[in-house]
Each structure stands twice: as C-alpha cells, then as structure tokens.
>>> print(open('coords27.pdb').read())   # PDB, C-alpha atoms
ATOM      1  CA  MET A   1     -16.524  17.177  20.432  1.00  0.00           C
ATOM      2  CA  SER A   2     -14.412  17.600  23.571  1.00  0.00           C
ATOM      3  CA  LEU A   3     -11.569  20.075  23.867  1.00  0.00           C
ATOM      4  CA  GLY A   4      -8.968  17.300  23.912  1.00  0.00           C
ATOM      5  CA  SER A   5     -10.220  15.503  20.787  1.00  0.00           C
ATOM      6  CA  GLY A   6     -10.544  18.820  18.968  1.00  0.00           C
ATOM      7  CA  ILE A   7      -6.942  19.747  19.737  1.00  0.00           C
ATOM      8  CA  THR A   8      -5.766  16.288  18.691  1.00  0.00           C
ATOM      9  CA  ARG A   9      -7.538  16.550  15.344  1.00  0.00           C
ATOM     10  CA  ALA A  10      -6.400  20.117  14.712  1.00  0.00           C
ATOM     11  CA  THR A  11      -2.766  19.368  15.568  1.00  0.00           C
ATOM     12  CA  LEU A  12      -2.757  16.168  13.518  1.00  0.00           C
ATOM     13  CA  ALA A  13      -4.286  17.965  10.526  1.00  0.00           C
ATOM     14  CA  LYS A  14      -1.680  20.739  10.840  1.00  0.00           C
ATOM     15  CA  ASP A  15       1.227  18.287  10.964  1.00  0.00           C
ATOM     16  CA  ILE A  16      -0.058  16.339   7.954  1.00  0.00           C
ATOM     17  CA  ARG A  17      -0.616  19.554   6.004  1.00  0.00           C
ATOM     18  CA  LEU A  18       2.873  20.859   6.778  1.00  0.00           C
ATOM     19  CA  GLU A  19       4.468  17.528   5.893  1.00  0.00           C
ATOM     20  CA  TRP A  20       2.487  17.384   2.647  1.00  0.00           C
ATOM     21  CA  ARG A  21       3.895  20.764   1.697  1.00  0.00           C
ATOM     22  CA  SER A  22       7.509  20.203   2.728  1.00  0.00           C
ATOM     23  CA  LYS A  23       7.847  16.384   2.631  1.00  0.00           C
ATOM     24  CA  ASP A  24      10.933  16.748   4.831  1.00  0.00           C
ATOM     25  CA  ALA A  25      10.319  13.715   7.039  1.00  0.00           C
ATOM     26  CA  ILE A  26       9.078  11.413   4.276  1.00  0.00           C
ATOM     27  CA  ASN A  27      11.929  12.225   1.897  1.00  0.00           C
ATOM     28  CA  SER A  28      14.539  11.806   4.638  1.00  0.00           C
ATOM     29  CA  MET A  29      13.117   8.474   5.766  1.00  0.00           C
ATOM     30  CA  LEU A  30      12.809   7.163   2.213  1.00  0.00           C
ATOM     31  CA  PHE A  31      16.395   8.079   1.374  1.00  0.00           C
ATOM     32  CA  PHE A  32      17.736   6.485   4.558  1.00  0.00           C
ATOM     33  CA  ALA A  33      15.679   3.296   4.227  1.00  0.00           C
ATOM     34  CA  LEU A  34      16.583   2.918   0.550  1.00  0.00           C
ATOM     35  CA  LEU A  35      20.247   3.345   1.397  1.00  0.00           C
ATOM     36  CA  VAL A  36      20.016   0.584   4.012  1.00  0.00           C
ATOM     37  CA  VAL A  37      18.272  -1.740   1.552  1.00  0.00           C
ATOM     38  CA  VAL A  38      20.928  -1.232  -1.110  1.00  0.00           C
ATOM     39  CA  ILE A  39      23.865  -1.607   1.294  1.00  0.00           C
ATOM     40  CA  PHE A  40      22.506  -4.817   2.821  1.00  0.00           C
ATOM     41  CA  SER A  41      21.710  -6.241  -0.610  1.00  0.00           C
ATOM     42  CA  PHE A  42      25.401  -5.980  -1.529  1.00  0.00           C
ATOM     43  CA  SER A  43      26.495  -7.434   1.826  1.00  0.00           C
ATOM     44  CA  PHE A  44      25.157 -10.927   1.196  1.00  0.00           C
ATOM     45  CA  ASP A  45      23.471 -12.996  -1.497  1.00  0.00           C
ATOM     46  CA  PRO A  46      19.854 -11.808  -1.491  1.00  0.00           C
ATOM     47  CA  THR A  47      18.683 -14.876  -3.401  1.00  0.00           C
ATOM     48  CA  ALA A  48      20.014 -17.379  -0.877  1.00  0.00           C
ATOM     49  CA  GLU A  49      17.583 -19.302   1.319  1.00  0.00           C
ATOM     50  CA  ASP A  50      19.177 -17.816   4.425  1.00  0.00           C
ATOM     51  CA  SER A  51      18.013 -14.358   3.371  1.00  0.00           C
ATOM     52  CA  ARG A  52      14.459 -15.383   4.284  1.00  0.00           C
ATOM     53  CA  ARG A  53      15.591 -16.000   7.851  1.00  0.00           C
ATOM     54  CA  ILE A  54      17.409 -12.709   8.333  1.00  0.00           C
ATOM     55  CA  ALA A  55      15.157 -10.471   6.238  1.00  0.00           C
ATOM     56  CA  GLY A  56      12.882  -9.750   9.213  1.00  0.00           C
ATOM     57  CA  GLY A  57      15.767  -8.255  11.123  1.00  0.00           C
ATOM     58  CA  LEU A  58      16.964  -6.221   8.147  1.00  0.00           C
ATOM     59  CA  ILE A  59      13.494  -4.839   7.449  1.00  0.00           C
ATOM     60  CA  TRP A  60      12.824  -3.644  10.976  1.00  0.00           C
ATOM     61  CA  VAL A  61      16.319  -2.305  11.571  1.00  0.00           C
ATOM     62  CA  ALA A  62      15.938  -0.227   8.402  1.00  0.00           C
ATOM     63  CA  PHE A  63      12.530   1.072   9.519  1.00  0.00           C
ATOM     64  CA  LEU A  64      13.780   1.791  13.033  1.00  0.00           C
ATOM     65  CA  PHE A  65      16.735   3.877  11.910  1.00  0.00           C
ATOM     66  CA  ALA A  66      14.649   5.647   9.263  1.00  0.00           C
ATOM     67  CA  ALA A  67      11.899   6.419  11.786  1.00  0.00           C
ATOM     68  CA  VAL A  68      14.400   8.152  14.063  1.00  0.00           C
ATOM     69  CA  VAL A  69      14.898  10.725  11.310  1.00  0.00           C
ATOM     70  CA  ALA A  70      11.217  11.704  11.484  1.00  0.00           C
ATOM     71  CA  LEU A  71      10.978  11.385  15.265  1.00  0.00           C
ATOM     72  CA  ASN A  72      13.813  13.877  15.706  1.00  0.00           C
ATOM     73  CA  GLN A  73      11.695  16.467  13.877  1.00  0.00           C
ATOM     74  CA  THR A  74       8.536  15.829  15.903  1.00  0.00           C
ATOM     75  CA  TRP A  75       8.836  18.739  18.333  1.00  0.00           C
ATOM     76  CA  ALA A  76      11.423  20.940  16.600  1.00  0.00           C
ATOM     77  CA  ARG A  77       8.854  22.994  14.683  1.00  0.00           C
ATOM     78  CA  GLU A  78       6.806  23.645  17.831  1.00  0.00           C
ATOM     79  CA  LEU A  79       9.928  24.694  19.711  1.00  0.00           C
ATOM     80  CA  ARG A  80      10.896  27.204  17.028  1.00  0.00           C
ATOM     81  CA  ASN A  81       7.417  28.746  16.906  1.00  0.00           C
ATOM     82  CA  GLN A  82       6.906  28.820  20.709  1.00  0.00           C
ATOM     83  CA  VAL A  83       3.924  26.485  20.383  1.00  0.00           C
ATOM     84  CA  LEU A  84       4.962  24.505  23.447  1.00  0.00           C
ATOM     85  CA  ASP A  85       5.197  27.662  25.551  1.00  0.00           C
ATOM     86  CA  ALA A  86       1.675  28.634  24.493  1.00  0.00           C
ATOM     87  CA  PHE A  87       0.434  25.103  25.182  1.00  0.00           C
ATOM     88  CA  ARG A  88       1.735  25.181  28.748  1.00  0.00           C
ATOM     89  CA  VAL A  89      -0.326  28.232  29.690  1.00  0.00           C
ATOM     90  CA  SER A  90      -3.452  27.054  27.859  1.00  0.00           C
ATOM     91  CA  PRO A  91      -6.215  24.933  29.429  1.00  0.00           C
ATOM     92  CA  ALA A  92      -5.726  22.273  26.750  1.00  0.00           C
ATOM     93  CA  PRO A  93      -4.914  18.752  28.020  1.00  0.00           C
ATOM     94  CA  PRO A  94      -1.267  17.835  27.283  1.00  0.00           C
ATOM     95  CA  ASN A  95      -2.221  14.310  26.250  1.00  0.00           C
ATOM     96  CA  ALA A  96      -4.169  15.723  23.289  1.00  0.00           C
ATOM     97  CA  LEU A  97      -0.971  17.204  21.877  1.00  0.00           C
ATOM     98  CA  PHE A  98       0.970  14.008  22.553  1.00  0.00           C
ATOM     99  CA  LEU A  99      -1.619  11.775  20.857  1.00  0.00           C
ATOM    100  CA  ALA A 100      -1.659  14.041  17.807  1.00  0.00           C
ATOM    101  CA  LYS A 101       2.110  13.769  17.486  1.00  0.00           C
ATOM    102  CA  VAL A 102       2.047   9.987  17.932  1.00  0.00           C
ATOM    103  CA  LEU A 103      -0.709   9.572  15.330  1.00  0.00           C
ATOM    104  CA  GLY A 104       1.148  11.814  12.893  1.00  0.00           C
ATOM    105  CA  ASN A 105       4.367   9.843  13.277  1.00  0.00           C
ATOM    106  CA  PHE A 106       2.410   6.597  12.956  1.00  0.00           C
ATOM    107  CA  ILE A 107       0.969   7.763   9.631  1.00  0.00           C
ATOM    108  CA  PHE A 108       4.349   8.907   8.301  1.00  0.00           C
ATOM    109  CA  VAL A 109       6.196   5.718   9.295  1.00  0.00           C
ATOM    110  CA  SER A 110       3.350   3.526   8.004  1.00  0.00           C
ATOM    111  CA  LEU A 111       3.554   5.332   4.664  1.00  0.00           C
ATOM    112  CA  LEU A 112       7.286   4.624   4.587  1.00  0.00           C
ATOM    113  CA  GLU A 113       6.622   0.942   5.241  1.00  0.00           C
ATOM    114  CA  LEU A 114       4.031   0.771   2.459  1.00  0.00           C
ATOM    115  CA  LEU A 115       6.483   2.300   0.005  1.00  0.00           C
ATOM    116  CA  MET A 116       9.528   0.276   1.067  1.00  0.00           C
ATOM    117  CA  THR A 117       8.021  -3.196   1.577  1.00  0.00           C
ATOM    118  CA  PRO A 118       7.743  -3.948  -2.176  1.00  0.00           C
ATOM    119  CA  LEU A 119      11.403  -2.983  -2.580  1.00  0.00           C
ATOM    120  CA  PHE A 120      12.408  -5.387   0.184  1.00  0.00           C
ATOM    121  CA  LEU A 121      10.424  -8.161  -1.497  1.00  0.00           C
ATOM    122  CA  VAL A 122      12.142  -7.495  -4.814  1.00  0.00           C
ATOM    123  CA  PHE A 123      15.697  -6.935  -3.537  1.00  0.00           C
ATOM    124  CA  TYR A 124      15.707 -10.013  -1.311  1.00  0.00           C
ATOM    125  CA  ASN A 125      13.478 -12.232  -3.454  1.00  0.00           C
ATOM    126  CA  LEU A 126      11.048 -12.791  -0.586  1.00  0.00           C
ATOM    127  CA  HIS A 127       7.889 -14.865  -0.855  1.00  0.00           C
ATOM    128  CA  PRO A 128       6.123 -15.371   2.511  1.00  0.00           C
ATOM    129  CA  LEU A 129       5.525 -19.044   3.208  1.00  0.00           C
ATOM    130  CA  GLY A 130       3.113 -18.203   6.026  1.00  0.00           C
ATOM    131  CA  PRO A 131      -0.111 -16.133   5.881  1.00  0.00           C
ATOM    132  CA  ALA A 132       0.961 -12.807   4.396  1.00  0.00           C
ATOM    133  CA  TRP A 133      -1.995 -10.940   5.957  1.00  0.00           C
ATOM    134  CA  GLN A 134      -0.414 -11.464   9.388  1.00  0.00           C
ATOM    135  CA  LEU A 135       2.216  -8.913   8.426  1.00  0.00           C
ATOM    136  CA  ILE A 136      -0.464  -6.216   8.777  1.00  0.00           C
ATOM    137  CA  PRO A 137      -1.090  -6.562  12.561  1.00  0.00           C
ATOM    138  CA  VAL A 138       2.640  -7.105  13.161  1.00  0.00           C
ATOM    139  CA  ALA A 139       3.479  -3.926  11.260  1.00  0.00           C
ATOM    140  CA  ALA A 140       0.708  -1.908  12.931  1.00  0.00           C
ATOM    141  CA  LEU A 141       1.565  -3.005  16.476  1.00  0.00           C
ATOM    142  CA  GLY A 142       5.307  -2.728  15.893  1.00  0.00           C
ATOM    143  CA  THR A 143       5.070   0.702  14.321  1.00  0.00           C
ATOM    144  CA  TRP A 144       2.946   1.973  17.201  1.00  0.00           C
ATOM    145  CA  ALA A 145       5.520   0.652  19.670  1.00  0.00           C
ATOM    146  CA  LEU A 146       8.284   2.579  17.898  1.00  0.00           C
ATOM    147  CA  VAL A 147       6.430   5.867  17.483  1.00  0.00           C
ATOM    148  CA  VAL A 148       4.833   6.095  20.926  1.00  0.00           C
ATOM    149  CA  ASN A 149       8.196   5.674  22.648  1.00  0.00           C
ATOM    150  CA  GLY A 150       9.993   7.724  20.011  1.00  0.00           C
ATOM    151  CA  THR A 151       7.585  10.644  20.372  1.00  0.00           C
ATOM    152  CA  PHE A 152       7.870  10.555  24.148  1.00  0.00           C
ATOM    153  CA  PHE A 153      11.668  10.400  24.217  1.00  0.00           C
ATOM    154  CA  ALA A 154      11.899  13.051  21.503  1.00  0.00           C
ATOM    155  CA  ALA A 155      10.054  15.372  23.901  1.00  0.00           C
ATOM    156  CA  ILE A 156      12.474  14.491  26.707  1.00  0.00           C
ATOM    157  CA  SER A 157      15.544  15.146  24.550  1.00  0.00           C
ATOM    158  CA  LEU A 158      14.108  18.256  22.886  1.00  0.00           C
ATOM    159  CA  ARG A 159      16.149  20.885  24.712  1.00  0.00           C
ATOM    160  CA  THR A 160      19.353  18.907  24.991  1.00  0.00           C
ATOM    161  CA  ARG A 161      22.279  20.095  22.900  1.00  0.00           C
ATOM    162  CA  SER A 162      22.596  16.838  20.985  1.00  0.00           C
ATOM    163  CA  ARG A 163      18.995  15.694  20.686  1.00  0.00           C
ATOM    164  CA  GLU A 164      19.757  13.851  17.411  1.00  0.00           C
ATOM    165  CA  ILE A 165      22.115  11.618  19.393  1.00  0.00           C
ATOM    166  CA  MET A 166      20.141  11.538  22.636  1.00  0.00           C
ATOM    167  CA  LEU A 167      16.955  10.172  21.055  1.00  0.00           C
ATOM    168  CA  PRO A 168      18.536   6.939  19.716  1.00  0.00           C
ATOM    169  CA  LEU A 169      20.368   6.435  23.020  1.00  0.00           C
ATOM    170  CA  LEU A 170      17.046   6.536  24.873  1.00  0.00           C
ATOM    171  CA  LEU A 171      14.854   4.831  22.282  1.00  0.00           C
ATOM    172  CA  PHE A 172      16.909   1.859  21.123  1.00  0.00           C
ATOM    173  CA  PRO A 173      17.388   0.101  24.491  1.00  0.00           C
ATOM    174  CA  ILE A 174      13.750   0.494  25.530  1.00  0.00           C
ATOM    175  CA  SER A 175      12.582  -0.773  22.124  1.00  0.00           C
ATOM    176  CA  ILE A 176      14.512  -4.057  22.277  1.00  0.00           C
ATOM    177  CA  PRO A 177      11.534  -6.207  23.442  1.00  0.00           C
ATOM    178  CA  ALA A 178       9.258  -4.768  20.738  1.00  0.00           C
ATOM    179  CA  LEU A 179      11.967  -5.036  18.079  1.00  0.00           C
ATOM    180  CA  LEU A 180      12.615  -8.663  19.038  1.00  0.00           C
ATOM    181  CA  ALA A 181       8.896  -9.445  18.742  1.00  0.00           C
ATOM    182  CA  MET A 182       8.638  -7.687  15.374  1.00  0.00           C
ATOM    183  CA  VAL A 183      11.676  -9.471  13.955  1.00  0.00           C
ATOM    184  CA  ARG A 184      10.665 -12.915  15.223  1.00  0.00           C
ATOM    185  CA  ALA A 185       7.058 -12.510  14.055  1.00  0.00           C
ATOM    186  CA  THR A 186       8.110 -11.288  10.596  1.00  0.00           C
ATOM    187  CA  SER A 187      10.644 -14.104  10.218  1.00  0.00           C
ATOM    188  CA  ALA A 188       8.042 -16.632  11.328  1.00  0.00           C
ATOM    189  CA  ILE A 189       5.627 -15.391   8.646  1.00  0.00           C
ATOM    190  CA  LEU A 190       8.319 -15.483   5.959  1.00  0.00           C
ATOM    191  CA  THR A 191       9.501 -18.992   6.865  1.00  0.00           C
ATOM    192  CA  ALA A 192       6.254 -20.487   8.288  1.00  0.00           C
ATOM    193  CA  GLU A 193       8.340 -22.259  10.920  1.00  0.00           C
ATOM    194  CA  GLU A 194       6.477 -21.170  14.056  1.00  0.00           C
ATOM    195  CA  PRO A 195       3.204 -19.502  15.094  1.00  0.00           C
ATOM    196  CA  ILE A 196       3.282 -15.800  15.855  1.00  0.00           C
ATOM    197  CA  ARG A 197       0.620 -15.782  18.589  1.00  0.00           C
ATOM    198  CA  PHE A 198       3.140 -15.217  21.389  1.00  0.00           C
ATOM    199  CA  TRP A 199       4.877 -12.363  19.568  1.00  0.00           C
ATOM    200  CA  ILE A 200       1.579 -10.638  18.801  1.00  0.00           C
ATOM    201  CA  ALA A 201       0.594 -10.889  22.467  1.00  0.00           C
ATOM    202  CA  LEU A 202       3.969  -9.456  23.470  1.00  0.00           C
ATOM    203  CA  LEU A 203       3.519  -6.500  21.104  1.00  0.00           C
ATOM    204  CA  VAL A 204       0.005  -5.826  22.397  1.00  0.00           C
ATOM    205  CA  ALA A 205       1.200  -5.883  26.007  1.00  0.00           C
ATOM    206  CA  TYR A 206       4.171  -3.668  25.150  1.00  0.00           C
ATOM    207  CA  ASP A 207       1.967  -1.130  23.363  1.00  0.00           C
ATOM    208  CA  VAL A 208      -0.563  -0.966  26.192  1.00  0.00           C
ATOM    209  CA  VAL A 209       2.072  -0.543  28.895  1.00  0.00           C
ATOM    210  CA  PHE A 210       4.203   2.069  27.176  1.00  0.00           C
ATOM    211  CA  THR A 211       1.273   4.035  25.787  1.00  0.00           C
ATOM    212  CA  THR A 212      -0.194   4.253  29.278  1.00  0.00           C
ATOM    213  CA  VAL A 213       3.127   5.248  30.837  1.00  0.00           C
ATOM    214  CA  SER A 214       3.810   7.863  28.161  1.00  0.00           C
ATOM    215  CA  LEU A 215       0.369   9.435  28.558  1.00  0.00           C
ATOM    216  CA  PHE A 216       0.758   9.461  32.326  1.00  0.00           C
ATOM    217  CA  LEU A 217       4.182  11.128  32.283  1.00  0.00           C
ATOM    218  CA  PHE A 218       3.892  13.461  29.298  1.00  0.00           C
ATOM    219  CA  GLU A 219       2.394  16.352  31.254  1.00  0.00           C
ATOM    220  CA  THR A 220       5.399  16.258  33.585  1.00  0.00           C
ATOM    221  CA  VAL A 221       7.780  16.243  30.614  1.00  0.00           C
ATOM    222  CA  LEU A 222       5.934  19.124  28.968  1.00  0.00           C
ATOM    223  CA  GLN A 223       5.941  21.306  32.069  1.00  0.00           C
ATOM    224  CA  ALA A 224       9.601  20.525  32.727  1.00  0.00           C
ATOM    225  CA  GLU A 225      10.682  21.885  29.374  1.00  0.00           C
TER     226      GLU A 225
END
>>> encode(input="coords27.pdb", output="structure tokens")
Amino acid sequence: MSLGSGITRATLAKDIRLEWRSKDAINSMLFFALLVVVIFSFSFDPTAEDSRRIAGGLIWVAFLFAAVVALNQTWARELRNQVLDAFRVSPAPPNALFLAKVLGNFIFVSLLELLMTPLFLVFYNLHPLGPAWQLIPVAALGTWALVVNGTFFAAISLRTRSREIMLPLLLFPISIPALLAMVRATSAILTAEEPIRFWIALLVAYDVVFTTVSLFLFETVLQAE
C-alpha cells in the first residue's frame, strides 16, 4: 500500500469515525433538507401533475443547500487541531488528504440523499414514469460534482472571516452546469419525456474536468494557507 493511499484511508476512516460519534454534519443536513421539503410542500399543490416537472429542481436545490452545511465543516476540525500545519511539513502527498475529504463528503451527502429521497416521493406523490434505476448514476455523478468542488472551495475559503458565506458564493456559480444536468436528468426520469444520455455525458465530463483541476491545484491551495 502506497503512502498516499494509506493516508487517504486513514483520514477517511478518522472522518467517518468522528462523524459517527458526533453526527454534526448528518443532523444539520437532515434538518435543513427536511425544512426545505416541508416549506416547498406548502408552497404549491404537491399532488398536481406539474409537481412532477419541478420536483427535480426542488430535490437538487434542497440537497445542494444541505450539502453546504457539511462542506463548511470539512476543514474546520483540521484547522483547530493544527492538522493542516503538520500536513504541510510532512512528506505526505496533498492529494491524498483532498481525496479523503472528498470521499468522506460524498458518503455523508449520499447518506442524506438515501434518507431524504423517500420523503420527497411521499410529500410530492412522485412515481417515476421512466426507468427508476437511472436515478442512481445521476445521483452518484451529481453528488460527486457537488462535493469535489465544494471540498476544494471550502479549502480556499477556510481562513477567510466569513467562510460560511464565501463557500456558497464560490460554489454555486461554478456548479450551475452540473446542477442543470442533474435537474434535467431527474425531471426526464420522472416524466419520461426525453432521454438522459446527453445529461449523463455532461455530468461525466464535468466530474472529470473539475476533479482533475482540483487535484492539480490543491497543493497550491494547501501551501498558501
């Protein structure tokens, strides 16, 4: 096992263990996402046919805003415990730390989606007219797009005075193409009105490009802290 993969596994295991004990990120995301679901359900008739067309947007907007809650906590614990300072002077590859954080956030946000999706189906009376299994690759690719950029921009905004505000300002504009693809693909599955091949290809291209860019630039961000 190489040094990089060992650090990735150790850091990921530590983050999962700490989250299992505290449940800070999961509880915060669940509360926020549930609040969005309830508010939107009172804003329009959830049993109307039009709800099937707009549900994709509501679902991913709720997940996006809830994910920001967890992303803002990604590096805070390491900053408090001087882990980042120790990492800078160590021979460990910076990308190992970054991948561990991305994988941890991916697991946490995916867990949120698994818990909240049944509630969306119930609240908005949704029954996918297209192949329901296609929601799995859309969710996986879309979630990766959100967390890889969110983890990277959380590192950039870490030492700013208002990092809770700075992260959404950086993340939301850059996530528009991925969010559009997620919403259109989800709506297409729910309504069965169009194929999702183009939107899947767009998500794959987006993930490859921004994962590569984030890995390439993370060492610079880490050393600039």
>>> closest_residue(input="coords27.pdb", among="A:Leu215, A:Met116, A:Ala76, A:Val69", to="Pro93 of chain A", atoms="all atoms listed in the file")
A:Leu215
>>> residues_around(input="coords27.pdb", residues="Phe108 of chain A", least_positions_apart="3", cutoff="12 Å", atoms="only C-alpha atoms", output="JSON, numbers by chain")
{"A": [12, 15, 16, 17, 19, 20, 23, 24, 25, 26, 27, 28, 29, 30, 63, 66, 67, 68, 69, 70, 71, 73, 74, 101, 102, 103, 104, 105, 111, 112, 113, 114, 115, 143, 144, 147]}
>>> closest_residue(input="coords27.pdb", among="A:Thr212, A:Asn72, A:Ser22, A:Thr11", to="Ala155 of chain A", atoms="all atoms listed in the file")
A:Asn72
>>> closest_residue(input="coords27.pdb", among="A:Leu99, A:Ala62, A:Phe42, A:Leu34", to="Ala10 of chain A", atoms="all atoms listed in the file")
A:Leu99
>>> atom_distance(input="coords27.pdb", atom1="atom CA of Arg88 of chain A", atom2="atom CA of Leu222 of chain A")
7.4 Å
>>> atom_distance(input="coords27.pdb", atom1="atom CA of Met166 of chain A", atom2="atom CA of Phe153 of chain A")
8.7 Å
>>> closest_residue(input="coords27.pdb", among="A:Gln223, A:Val208, A:Arg197, A:Ala192", to="Ala86 of chain A", atoms="all atoms listed in the file")
A:Gln223
>>> resolve_selection(input="coords27.pdb", expression="the PyMOL selection byres ((chain A and resi 137) around 12)", output="list in words")
Ser110, Pro131, Ala132, Trp133, Gln134, Leu135, Ile136, Val138, Ala139, Ala140, Leu141, Gly142, Thr143, Trp144, Met182, Ala185, Thr186, Ile189, Ile196, Arg197, Trp199, Ile200, Ala201, Leu203 and Val204 of chain A
>>> axis_aligned_box(input="coords27.pdb", around="segment 12-24 of chain A", padding_each_side="4 Å", output="AutoDock Vina command-line options")
--center_x 3.3 --center_y 18.5 --center_z 7.6 --size_x 23.2 --size_y 12.7 --size_z 19.8
>>> closest_residue(input="coords27.pdb", among="A:Leu171, A:Ala55, A:Ala188, A:Ala13", to="Val148 of chain A", atoms="only C-alpha atoms")
A:Leu171
>>> atom_distance(input="coords27.pdb", atom1="atom CA of Ser41 of chain A", atom2="atom CA of Leu180 of chain A")
21.8 Å
>>> residues_around(input="coords27.pdb", residues="Phe152 of chain A", least_positions_apart="3", cutoff="8 Å", atoms="all atoms listed in the file", output="VMD selection string")
chain A and resid 98 148 to 149 155 to 156 214 218
>>> closest_residue(input="coords27.pdb", among="A:Arg9, A:Val109, A:Asn95, A:Phe120", to="Leu35 of chain A", atoms="all atoms listed in the file")
A:Phe120
>>> decode(input="coords27.pdb", residues="segment 151-159 of chain A", atoms="all heavy atoms", output="PDB file, in the first residue's frame")
ATOM      1  N   THR A 151     -15.513  20.696  -1.639  1.00  0.00           N
ATOM      2  CA  THR A 151     -14.340  20.436  -0.807  1.00  0.00           C
ATOM      3  C   THR A 151     -13.186  21.345  -1.198  1.00  0.00           C
ATOM      4  O   THR A 151     -12.464  21.874  -0.333  1.00  0.00           O
ATOM      5  CB  THR A 151     -13.917  18.962  -0.929  1.00  0.00           C
ATOM      6  OG1 THR A 151     -15.033  18.127  -0.605  1.00  0.00           O
ATOM      7  CG2 THR A 151     -12.769  18.647   0.009  1.00  0.00           C
ATOM      8  N   PHE A 152     -13.004  21.545  -2.488  1.00  0.00           N
ATOM      9  CA  PHE A 152     -11.921  22.402  -2.960  1.00  0.00           C
ATOM     10  C   PHE A 152     -12.143  23.855  -2.554  1.00  0.00           C
ATOM     11  O   PHE A 152     -11.242  24.515  -2.019  1.00  0.00           O
ATOM     12  CB  PHE A 152     -11.812  22.289  -4.485  1.00  0.00           C
ATOM     13  CG  PHE A 152     -10.731  23.138  -5.084  1.00  0.00           C
ATOM     14  CD1 PHE A 152      -9.393  22.773  -4.970  1.00  0.00           C
ATOM     15  CD2 PHE A 152     -11.039  24.312  -5.762  1.00  0.00           C
ATOM     16  CE1 PHE A 152      -8.386  23.559  -5.514  1.00  0.00           C
ATOM     17  CE2 PHE A 152     -10.047  25.094  -6.310  1.00  0.00           C
ATOM     18  CZ  PHE A 152      -8.714  24.719  -6.195  1.00  0.00           C
ATOM     19  N   PHE A 153     -13.350  24.362  -2.765  1.00  0.00           N
ATOM     20  CA  PHE A 153     -13.618  25.762  -2.427  1.00  0.00           C
ATOM     21  C   PHE A 153     -13.703  25.974  -0.918  1.00  0.00           C
ATOM     22  O   PHE A 153     -13.443  27.073  -0.433  1.00  0.00           O
ATOM     23  CB  PHE A 153     -14.893  26.231  -3.117  1.00  0.00           C
ATOM     24  CG  PHE A 153     -14.751  26.415  -4.593  1.00  0.00           C
ATOM     25  CD1 PHE A 153     -15.585  25.760  -5.486  1.00  0.00           C
ATOM     26  CD2 PHE A 153     -13.758  27.228  -5.105  1.00  0.00           C
ATOM     27  CE1 PHE A 153     -15.445  25.926  -6.858  1.00  0.00           C
ATOM     28  CE2 PHE A 153     -13.609  27.407  -6.477  1.00  0.00           C
ATOM     29  CZ  PHE A 153     -14.446  26.746  -7.340  1.00  0.00           C
ATOM     30  N   ALA A 154     -14.075  24.936  -0.179  1.00  0.00           N
ATOM     31  CA  ALA A 154     -14.042  25.044   1.280  1.00  0.00           C
ATOM     32  C   ALA A 154     -12.616  25.242   1.768  1.00  0.00           C
ATOM     33  O   ALA A 154     -12.373  25.977   2.735  1.00  0.00           O
ATOM     34  CB  ALA A 154     -14.655  23.799   1.913  1.00  0.00           C
ATOM     35  N   ALA A 155     -11.651  24.599   1.100  1.00  0.00           N
ATOM     36  CA  ALA A 155     -10.240  24.793   1.456  1.00  0.00           C
ATOM     37  C   ALA A 155      -9.779  26.209   1.115  1.00  0.00           C
ATOM     38  O   ALA A 155      -9.014  26.822   1.871  1.00  0.00           O
ATOM     39  CB  ALA A 155      -9.373  23.764   0.733  1.00  0.00           C
ATOM     40  N   ILE A 156     -10.256  26.736  -0.003  1.00  0.00           N
ATOM     41  CA  ILE A 156      -9.879  28.101  -0.395  1.00  0.00           C
ATOM     42  C   ILE A 156     -10.419  29.123   0.605  1.00  0.00           C
ATOM     43  O   ILE A 156      -9.733  30.073   0.986  1.00  0.00           O
ATOM     44  CB  ILE A 156     -10.395  28.403  -1.812  1.00  0.00           C
ATOM     45  CG1 ILE A 156      -9.631  27.567  -2.846  1.00  0.00           C
ATOM     46  CG2 ILE A 156     -10.258  29.891  -2.138  1.00  0.00           C
ATOM     47  CD1 ILE A 156     -10.091  27.785  -4.272  1.00  0.00           C
ATOM     48  N   SER A 157     -11.658  28.925   1.039  1.00  0.00           N
ATOM     49  CA  SER A 157     -12.317  29.900   1.912  1.00  0.00           C
ATOM     50  C   SER A 157     -12.066  29.646   3.392  1.00  0.00           C
ATOM     51  O   SER A 157     -12.637  30.336   4.238  1.00  0.00           O
ATOM     52  CB  SER A 157     -13.829  29.895   1.651  1.00  0.00           C
ATOM     53  OG  SER A 157     -14.380  28.625   1.908  1.00  0.00           O
ATOM     54  N   LEU A 158     -11.185  28.689   3.706  1.00  0.00           N
ATOM     55  CA  LEU A 158     -11.026  28.249   5.092  1.00  0.00           C
ATOM     56  C   LEU A 158     -10.624  29.369   6.035  1.00  0.00           C
ATOM     57  O   LEU A 158     -11.182  29.530   7.125  1.00  0.00           O
ATOM     58  CB  LEU A 158      -9.998  27.114   5.159  1.00  0.00           C
ATOM     59  CG  LEU A 158      -9.710  26.539   6.544  1.00  0.00           C
ATOM     60  CD1 LEU A 158     -10.979  25.940   7.130  1.00  0.00           C
ATOM     61  CD2 LEU A 158      -8.611  25.493   6.461  1.00  0.00           C
ATOM     62  N   ARG A 159      -9.664  30.176   5.649  1.00  0.00           N
ATOM     63  CA  ARG A 159      -9.131  31.197   6.549  1.00  0.00           C
ATOM     64  C   ARG A 159      -9.770  32.572   6.341  1.00  0.00           C
ATOM     65  O   ARG A 159      -9.292  33.557   6.903  1.00  0.00           O
ATOM     66  CB  ARG A 159      -7.614  31.296   6.398  1.00  0.00           C
ATOM     67  CG  ARG A 159      -6.876  30.049   6.898  1.00  0.00           C
ATOM     68  CD  ARG A 159      -5.378  30.275   6.922  1.00  0.00           C
ATOM     69  NE  ARG A 159      -4.643  29.075   7.296  1.00  0.00           N
ATOM     70  CZ  ARG A 159      -4.381  28.708   8.549  1.00  0.00           C
ATOM     71  NH1 ARG A 159      -4.806  29.452   9.543  1.00  0.00           N
ATOM     72  NH2 ARG A 159      -3.693  27.608   8.793  1.00  0.00           N
TER      73      ARG A 159
END
